[in-house]
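Peer 1: What follows is protein_7.pdb, made up of PDB, C-alpha atoms:
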ATOM      1  CA  MET P   2      90.336  67.060  92.092  1.00  0.00           C
ATOM      2  CA  GLU P   3      89.832  69.432  94.985  1.00  0.00           C
ATOM      3  CA  LEU P   4      91.873  72.024  96.829  1.00  0.00           C
ATOM      4  CA  SER P   5      90.854  72.741 100.387  1.00  0.00           C
ATOM      5  CA  GLY P   6      92.051  74.752 103.315  1.00  0.00           C
ATOM      6  CA  GLU P   7      90.858  75.154 106.854  1.00  0.00           C
ATOM      7  CA  TYR P   8      91.201  78.111 109.199  1.00  0.00           C
ATOM      8  CA  VAL P   9      90.573  77.910 112.924  1.00  0.00           C
ATOM      9  CA  GLY P  10      90.022  81.325 114.448  1.00  0.00           C
ATOM     10  CA  PRO P  11      91.062  82.481 117.908  1.00  0.00           C
ATOM     11  CA  ASP P  12      87.590  81.610 119.184  1.00  0.00           C
ATOM     12  CA  GLY P  13      87.955  78.030 117.887  1.00  0.00           C
ATOM     13  CA  GLU P  14      85.460  78.494 115.056  1.00  0.00           C
ATOM     14  CA  GLN P  15      86.432  76.559 111.939  1.00  0.00           C
ATOM     15  CA  GLU P  16      86.122  77.950 108.438  1.00  0.00           C
ATOM     16  CA  ARG P  17      86.703  75.752 105.405  1.00  0.00           C
ATOM     17  CA  LEU P  18      87.628  76.965 101.935  1.00  0.00           C
ATOM     18  CA  ARG P  19      87.203  74.549  99.039  1.00  0.00           C
ATOM     19  CA  VAL P  20      87.715  74.737  95.286  1.00  0.00           C
ATOM     20  CA  PHE P  21      86.908  71.980  92.799  1.00  0.00           C
ATOM     21  CA  CYS P  22      89.184  71.628  89.791  1.00  0.00           C
ATOM     22  CA  ASP P  23      87.663  68.736  87.884  1.00  0.00           C
ATOM     23  CA  GLY P  24      88.510  68.208  84.274  1.00  0.00           C
ATOM     24  CA  SER P  25      87.320  65.954  81.515  1.00  0.00           C
ATOM     25  CA  GLY P  26      90.710  64.761  80.288  1.00  0.00           C
ATOM     26  CA  ASP P  27      94.296  64.243  81.361  1.00  0.00           C
ATOM     27  CA  ALA P  28      95.548  66.969  79.027  1.00  0.00           C
ATOM     28  CA  ASP P  29      93.445  69.523  80.898  1.00  0.00           C
ATOM     29  CA  SER P  30      94.499  68.346  84.381  1.00  0.00           C
ATOM     30  CA  LEU P  31      97.334  70.821  84.783  1.00  0.00           C
ATOM     31  CA  GLN P  32      95.247  73.699  83.449  1.00  0.00           C
ATOM     32  CA  ASN P  33      92.379  72.772  85.777  1.00  0.00           C
ATOM     33  CA  LEU P  34      94.773  72.631  88.712  1.00  0.00           C
ATOM     34  CA  LEU P  35      96.225  76.041  87.845  1.00  0.00           C
ATOM     35  CA  SER P  36      92.727  77.456  87.581  1.00  0.00           C
ATOM     36  CA  GLY P  37      91.850  75.930  90.961  1.00  0.00           C
ATOM     37  CA  VAL P  38      94.962  77.419  92.578  1.00  0.00           C
ATOM     38  CA  THR P  39      94.016  80.850  91.212  1.00  0.00           C
ATOM     39  CA  GLN P  40      90.485  80.488  92.582  1.00  0.00           C
ATOM     40  CA  MET P  41      91.825  79.378  95.983  1.00  0.00           C
ATOM     41  CA  LYS P  42      94.190  82.347  96.079  1.00  0.00           C
ATOM     42  CA  GLU P  43      91.246  84.681  95.490  1.00  0.00           C
ATOM     43  CA  LEU P  44      89.166  82.949  98.188  1.00  0.00           C
ATOM     44  CA  VAL P  45      92.009  83.224 100.707  1.00  0.00           C
ATOM     45  CA  SER P  46      92.563  86.903  99.862  1.00  0.00           C
ATOM     46  CA  ASP P  47      88.843  87.629 100.197  1.00  0.00           C
ATOM     47  CA  PHE P  48      88.641  85.700 103.469  1.00  0.00           C
ATOM     48  CA  PHE P  49      91.715  87.164 105.166  1.00  0.00           C
ATOM     49  CA  GLY P  50      91.481  90.675 103.700  1.00  0.00           C
ATOM     50  CA  PRO P  51      89.073  92.024 106.326  1.00  0.00           C
ATOM     51  CA  LEU P  52      91.043  90.304 109.095  1.00  0.00           C
ATOM     52  CA  ALA P  53      94.359  91.823 107.993  1.00  0.00           C
ATOM     53  CA  GLN P  54      93.145  95.413 107.456  1.00  0.00           C
ATOM     54  CA  PRO P  55      92.872  96.426 111.145  1.00  0.00           C
ATOM     55  CA  GLU P  56      96.323  94.954 111.818  1.00  0.00           C
ATOM     56  CA  ALA P  57      97.836  96.806 108.868  1.00  0.00           C
ATOM     57  CA  GLN P  58      96.179 100.065 109.932  1.00  0.00           C
ATOM     58  CA  GLY P  59      97.586  99.652 113.443  1.00  0.00           C
ATOM     59  CA  ARG P  60     101.035  99.011 112.010  1.00  0.00           C
ATOM     60  CA  VAL P  61     100.875 102.186 109.899  1.00  0.00           C
ATOM     61  CA  ALA P  62      99.774 104.257 112.881  1.00  0.00           C
ATOM     62  CA  ARG P  63     102.582 102.798 115.013  1.00  0.00           C
ATOM     63  CA  ASP P  64     105.165 103.464 112.276  1.00  0.00           C
ATOM     64  CA  GLU P  65     103.977 107.060 111.940  1.00  0.00           C
ATOM     65  CA  ALA P  66     104.217 107.531 115.705  1.00  0.00           C
ATOM     66  CA  LEU P  67     107.765 106.169 115.686  1.00  0.00           C
ATOM     67  CA  ASP P  68     108.671 108.535 112.842  1.00  0.00           C
ATOM     68  CA  GLY P  69     107.473 111.411 115.033  1.00  0.00           C
ATOM     69  CA  CYS P  70     109.635 110.191 117.934  1.00  0.00           C
ATOM     70  CA  TRP P  71     112.734 110.114 115.777  1.00  0.00           C
ATOM     71  CA  ALA P  72     112.008 113.571 114.380  1.00  0.00           C
ATOM     72  CA  SER P  73     111.655 115.121 117.852  1.00  0.00           C
ATOM     73  CA  ALA P  74     114.819 113.408 119.125  1.00  0.00           C
ATOM     74  CA  ARG P  75     117.014 115.114 116.529  1.00  0.00           C
TER      75      ARG P  75
END
How does this structure look as structure tokens?
Peer 2:
Amino acid sequence: MELSGEYVGPDGEQERLRVFCDGSGDADSLQNLLSGVTQMKELVSDFFGPLAQPEAQGRVARDEALDGCWASAR
């Protein structure tokens, strides 16, 4: 079994994330799938973390600027 995801960036470059969750028996299938989902979650977080940080920093700066506007308007 395999979990895969594909991201296409704004420049059109494709990035593929893939996790294998093979097991030896049917009883382990669900556990292997859960393990694969956990691994995929970590891969996605690692992949998108650097992309989301500048956006989050910009949002914090904008929120702080808005807080200053409200304070001076009172």
Peer 1: In Å, rounded to a single decimal, give me how far atom CA of Ser30 of chain P is from atom CA of Leu44 of chain P.
Peer 2: 20.8 Å
Peer 1: What's around Ser36 of chain P at 10 Å? Count only C-alpha atoms, leave out sequence neighbours fewer than 4 positions away in its own chain, and write the answer as a ChimeraX atom specification.
Peer 2: /P:20-22,30-32,40-42
Peer 1: Name the residues that the PyMOL selection byres ((chain P and resi 8) around 12) picks from the file above, as a PyMOL selection string, using the file's chain letters and numbers.
Peer 2: chain P and resi 5-7+9-19+45+48-49
Peer 1: Please enclose the listed atoms of segment 7-26 of chain P in an axis-aligned box, pad each side by 8 Å, and write out the centre and the three edge lengths in Å, rounded to one decimal, as AutoDock Vina command-line options.
Peer 2:
--center_x 88.3 --center_y 73.6 --center_z 99.7 --size_x 21.7 --size_y 33.7 --size_z 54.9
Peer 1: Starting from the structure just given, write a file holding segment 25-49 of chain P with N, CA, C and O atoms, as a PDB file, in the first residue's frame.
Peer 2:
ATOM      1  N   SER P  25       2.934  -7.345   6.320  1.00  0.00           N
ATOM      2  CA  SER P  25       3.063  -8.762   6.003  1.00  0.00           C
ATOM      3  C   SER P  25       1.740  -9.504   6.112  1.00  0.00           C
ATOM      4  O   SER P  25       1.538 -10.513   5.480  1.00  0.00           O
ATOM      5  N   GLY P  26       0.810  -8.989   6.918  1.00  0.00           N
ATOM      6  CA  GLY P  26      -0.450  -9.704   7.099  1.00  0.00           C
ATOM      7  C   GLY P  26      -1.635  -8.772   7.155  1.00  0.00           C
ATOM      8  O   GLY P  26      -1.500  -7.568   7.324  1.00  0.00           O
ATOM      9  N   ASP P  27      -2.827  -9.343   7.008  1.00  0.00           N
ATOM     10  CA  ASP P  27      -4.045  -8.541   7.034  1.00  0.00           C
ATOM     11  C   ASP P  27      -4.276  -7.889   8.385  1.00  0.00           C
ATOM     12  O   ASP P  27      -4.810  -6.797   8.470  1.00  0.00           O
ATOM     13  N   ALA P  28      -3.894  -8.563   9.449  1.00  0.00           N
ATOM     14  CA  ALA P  28      -4.106  -8.025  10.799  1.00  0.00           C
ATOM     15  C   ALA P  28      -3.319  -6.741  11.004  1.00  0.00           C
ATOM     16  O   ALA P  28      -3.728  -5.863  11.750  1.00  0.00           O
ATOM     17  N   ASP P  29      -2.191  -6.606  10.332  1.00  0.00           N
ATOM     18  CA  ASP P  29      -1.353  -5.426  10.477  1.00  0.00           C
ATOM     19  C   ASP P  29      -1.709  -4.317   9.491  1.00  0.00           C
ATOM     20  O   ASP P  29      -1.133  -3.238   9.559  1.00  0.00           O
ATOM     21  N   SER P  30      -2.646  -4.557   8.597  1.00  0.00           N
ATOM     22  CA  SER P  30      -2.963  -3.584   7.538  1.00  0.00           C
ATOM     23  C   SER P  30      -3.391  -2.238   8.104  1.00  0.00           C
ATOM     24  O   SER P  30      -2.913  -1.195   7.659  1.00  0.00           O
ATOM     25  N   LEU P  31      -4.291  -2.256   9.071  1.00  0.00           N
ATOM     26  CA  LEU P  31      -4.756  -0.998   9.641  1.00  0.00           C
ATOM     27  C   LEU P  31      -3.627  -0.275  10.369  1.00  0.00           C
ATOM     28  O   LEU P  31      -3.461   0.939  10.229  1.00  0.00           O
ATOM     29  N   GLN P  32      -2.833  -1.008  11.113  1.00  0.00           N
ATOM     30  CA  GLN P  32      -1.709  -0.401  11.825  1.00  0.00           C
ATOM     31  C   GLN P  32      -0.693   0.179  10.843  1.00  0.00           C
ATOM     32  O   GLN P  32      -0.168   1.272  11.063  1.00  0.00           O
ATOM     33  N   ASN P  33      -0.431  -0.536   9.760  1.00  0.00           N
ATOM     34  CA  ASN P  33       0.499  -0.035   8.743  1.00  0.00           C
ATOM     35  C   ASN P  33      -0.046   1.229   8.080  1.00  0.00           C
ATOM     36  O   ASN P  33       0.697   2.163   7.807  1.00  0.00           O
ATOM     37  N   LEU P  34      -1.355   1.244   7.831  1.00  0.00           N
ATOM     38  CA  LEU P  34      -1.963   2.424   7.241  1.00  0.00           C
ATOM     39  C   LEU P  34      -1.872   3.616   8.197  1.00  0.00           C
ATOM     40  O   LEU P  34      -1.524   4.723   7.791  1.00  0.00           O
ATOM     41  N   LEU P  35      -2.167   3.398   9.456  1.00  0.00           N
ATOM     42  CA  LEU P  35      -2.058   4.472  10.448  1.00  0.00           C
ATOM     43  C   LEU P  35      -0.633   5.006  10.544  1.00  0.00           C
ATOM     44  O   LEU P  35      -0.411   6.213  10.647  1.00  0.00           O
ATOM     45  N   SER P  36       0.320   4.106  10.502  1.00  0.00           N
ATOM     46  CA  SER P  36       1.723   4.507  10.530  1.00  0.00           C
ATOM     47  C   SER P  36       2.069   5.326   9.281  1.00  0.00           C
ATOM     48  O   SER P  36       2.760   6.344   9.360  1.00  0.00           O
ATOM     49  N   GLY P  37       1.563   4.897   8.133  1.00  0.00           N
ATOM     50  CA  GLY P  37       1.797   5.621   6.887  1.00  0.00           C
ATOM     51  C   GLY P  37       1.183   7.012   6.912  1.00  0.00           C
ATOM     52  O   GLY P  37       1.784   7.979   6.438  1.00  0.00           O
ATOM     53  N   VAL P  38      -0.019   7.137   7.467  1.00  0.00           N
ATOM     54  CA  VAL P  38      -0.677   8.437   7.571  1.00  0.00           C
ATOM     55  C   VAL P  38       0.144   9.368   8.468  1.00  0.00           C
ATOM     56  O   VAL P  38       0.326  10.547   8.156  1.00  0.00           O
ATOM     57  N   THR P  39       0.660   8.840   9.563  1.00  0.00           N
ATOM     58  CA  THR P  39       1.504   9.635  10.459  1.00  0.00           C
ATOM     59  C   THR P  39       2.766  10.103   9.735  1.00  0.00           C
ATOM     60  O   THR P  39       3.158  11.276   9.851  1.00  0.00           O
ATOM     61  N   GLN P  40       3.388   9.203   8.980  1.00  0.00           N
ATOM     62  CA  GLN P  40       4.588   9.580   8.231  1.00  0.00           C
ATOM     63  C   GLN P  40       4.271  10.642   7.183  1.00  0.00           C
ATOM     64  O   GLN P  40       5.031  11.596   6.992  1.00  0.00           O
ATOM     65  N   MET P  41       3.125  10.497   6.499  1.00  0.00           N
ATOM     66  CA  MET P  41       2.738  11.472   5.475  1.00  0.00           C
ATOM     67  C   MET P  41       2.472  12.828   6.114  1.00  0.00           C
ATOM     68  O   MET P  41       2.862  13.869   5.575  1.00  0.00           O
ATOM     69  N   LYS P  42       1.841  12.829   7.265  1.00  0.00           N
ATOM     70  CA  LYS P  42       1.578  14.084   7.976  1.00  0.00           C
ATOM     71  C   LYS P  42       2.889  14.801   8.292  1.00  0.00           C
ATOM     72  O   LYS P  42       2.999  16.024   8.128  1.00  0.00           O
ATOM     73  N   GLU P  43       3.881  14.053   8.735  1.00  0.00           N
ATOM     74  CA  GLU P  43       5.187  14.642   9.034  1.00  0.00           C
ATOM     75  C   GLU P  43       5.852  15.183   7.769  1.00  0.00           C
ATOM     76  O   GLU P  43       6.439  16.271   7.777  1.00  0.00           O
ATOM     77  N   LEU P  44       5.765  14.425   6.668  1.00  0.00           N
ATOM     78  CA  LEU P  44       6.351  14.882   5.402  1.00  0.00           C
ATOM     79  C   LEU P  44       5.695  16.181   4.938  1.00  0.00           C
ATOM     80  O   LEU P  44       6.375  17.105   4.498  1.00  0.00           O
ATOM     81  N   VAL P  45       4.373  16.241   5.022  1.00  0.00           N
ATOM     82  CA  VAL P  45       3.643  17.434   4.591  1.00  0.00           C
ATOM     83  C   VAL P  45       4.019  18.622   5.473  1.00  0.00           C
ATOM     84  O   VAL P  45       4.268  19.725   4.974  1.00  0.00           O
ATOM     85  N   SER P  46       4.092  18.408   6.778  1.00  0.00           N
ATOM     86  CA  SER P  46       4.480  19.488   7.695  1.00  0.00           C
ATOM     87  C   SER P  46       5.895  19.977   7.394  1.00  0.00           C
ATOM     88  O   SER P  46       6.142  21.188   7.367  1.00  0.00           O
ATOM     89  N   ASP P  47       6.813  19.043   7.168  1.00  0.00           N
ATOM     90  CA  ASP P  47       8.189  19.419   6.847  1.00  0.00           C
ATOM     91  C   ASP P  47       8.266  20.163   5.514  1.00  0.00           C
ATOM     92  O   ASP P  47       9.030  21.114   5.361  1.00  0.00           O
ATOM     93  N   PHE P  48       7.465  19.722   4.553  1.00  0.00           N
ATOM     94  CA  PHE P  48       7.496  20.328   3.219  1.00  0.00           C
ATOM     95  C   PHE P  48       6.905  21.731   3.221  1.00  0.00           C
ATOM     96  O   PHE P  48       7.474  22.665   2.671  1.00  0.00           O
ATOM     97  N   PHE P  49       5.733  21.894   3.860  1.00  0.00           N
ATOM     98  CA  PHE P  49       5.044  23.173   3.819  1.00  0.00           C
ATOM     99  C   PHE P  49       5.468  24.129   4.928  1.00  0.00           C
ATOM    100  O   PHE P  49       5.165  25.320   4.853  1.00  0.00           O
TER     101      PHE P  49
END
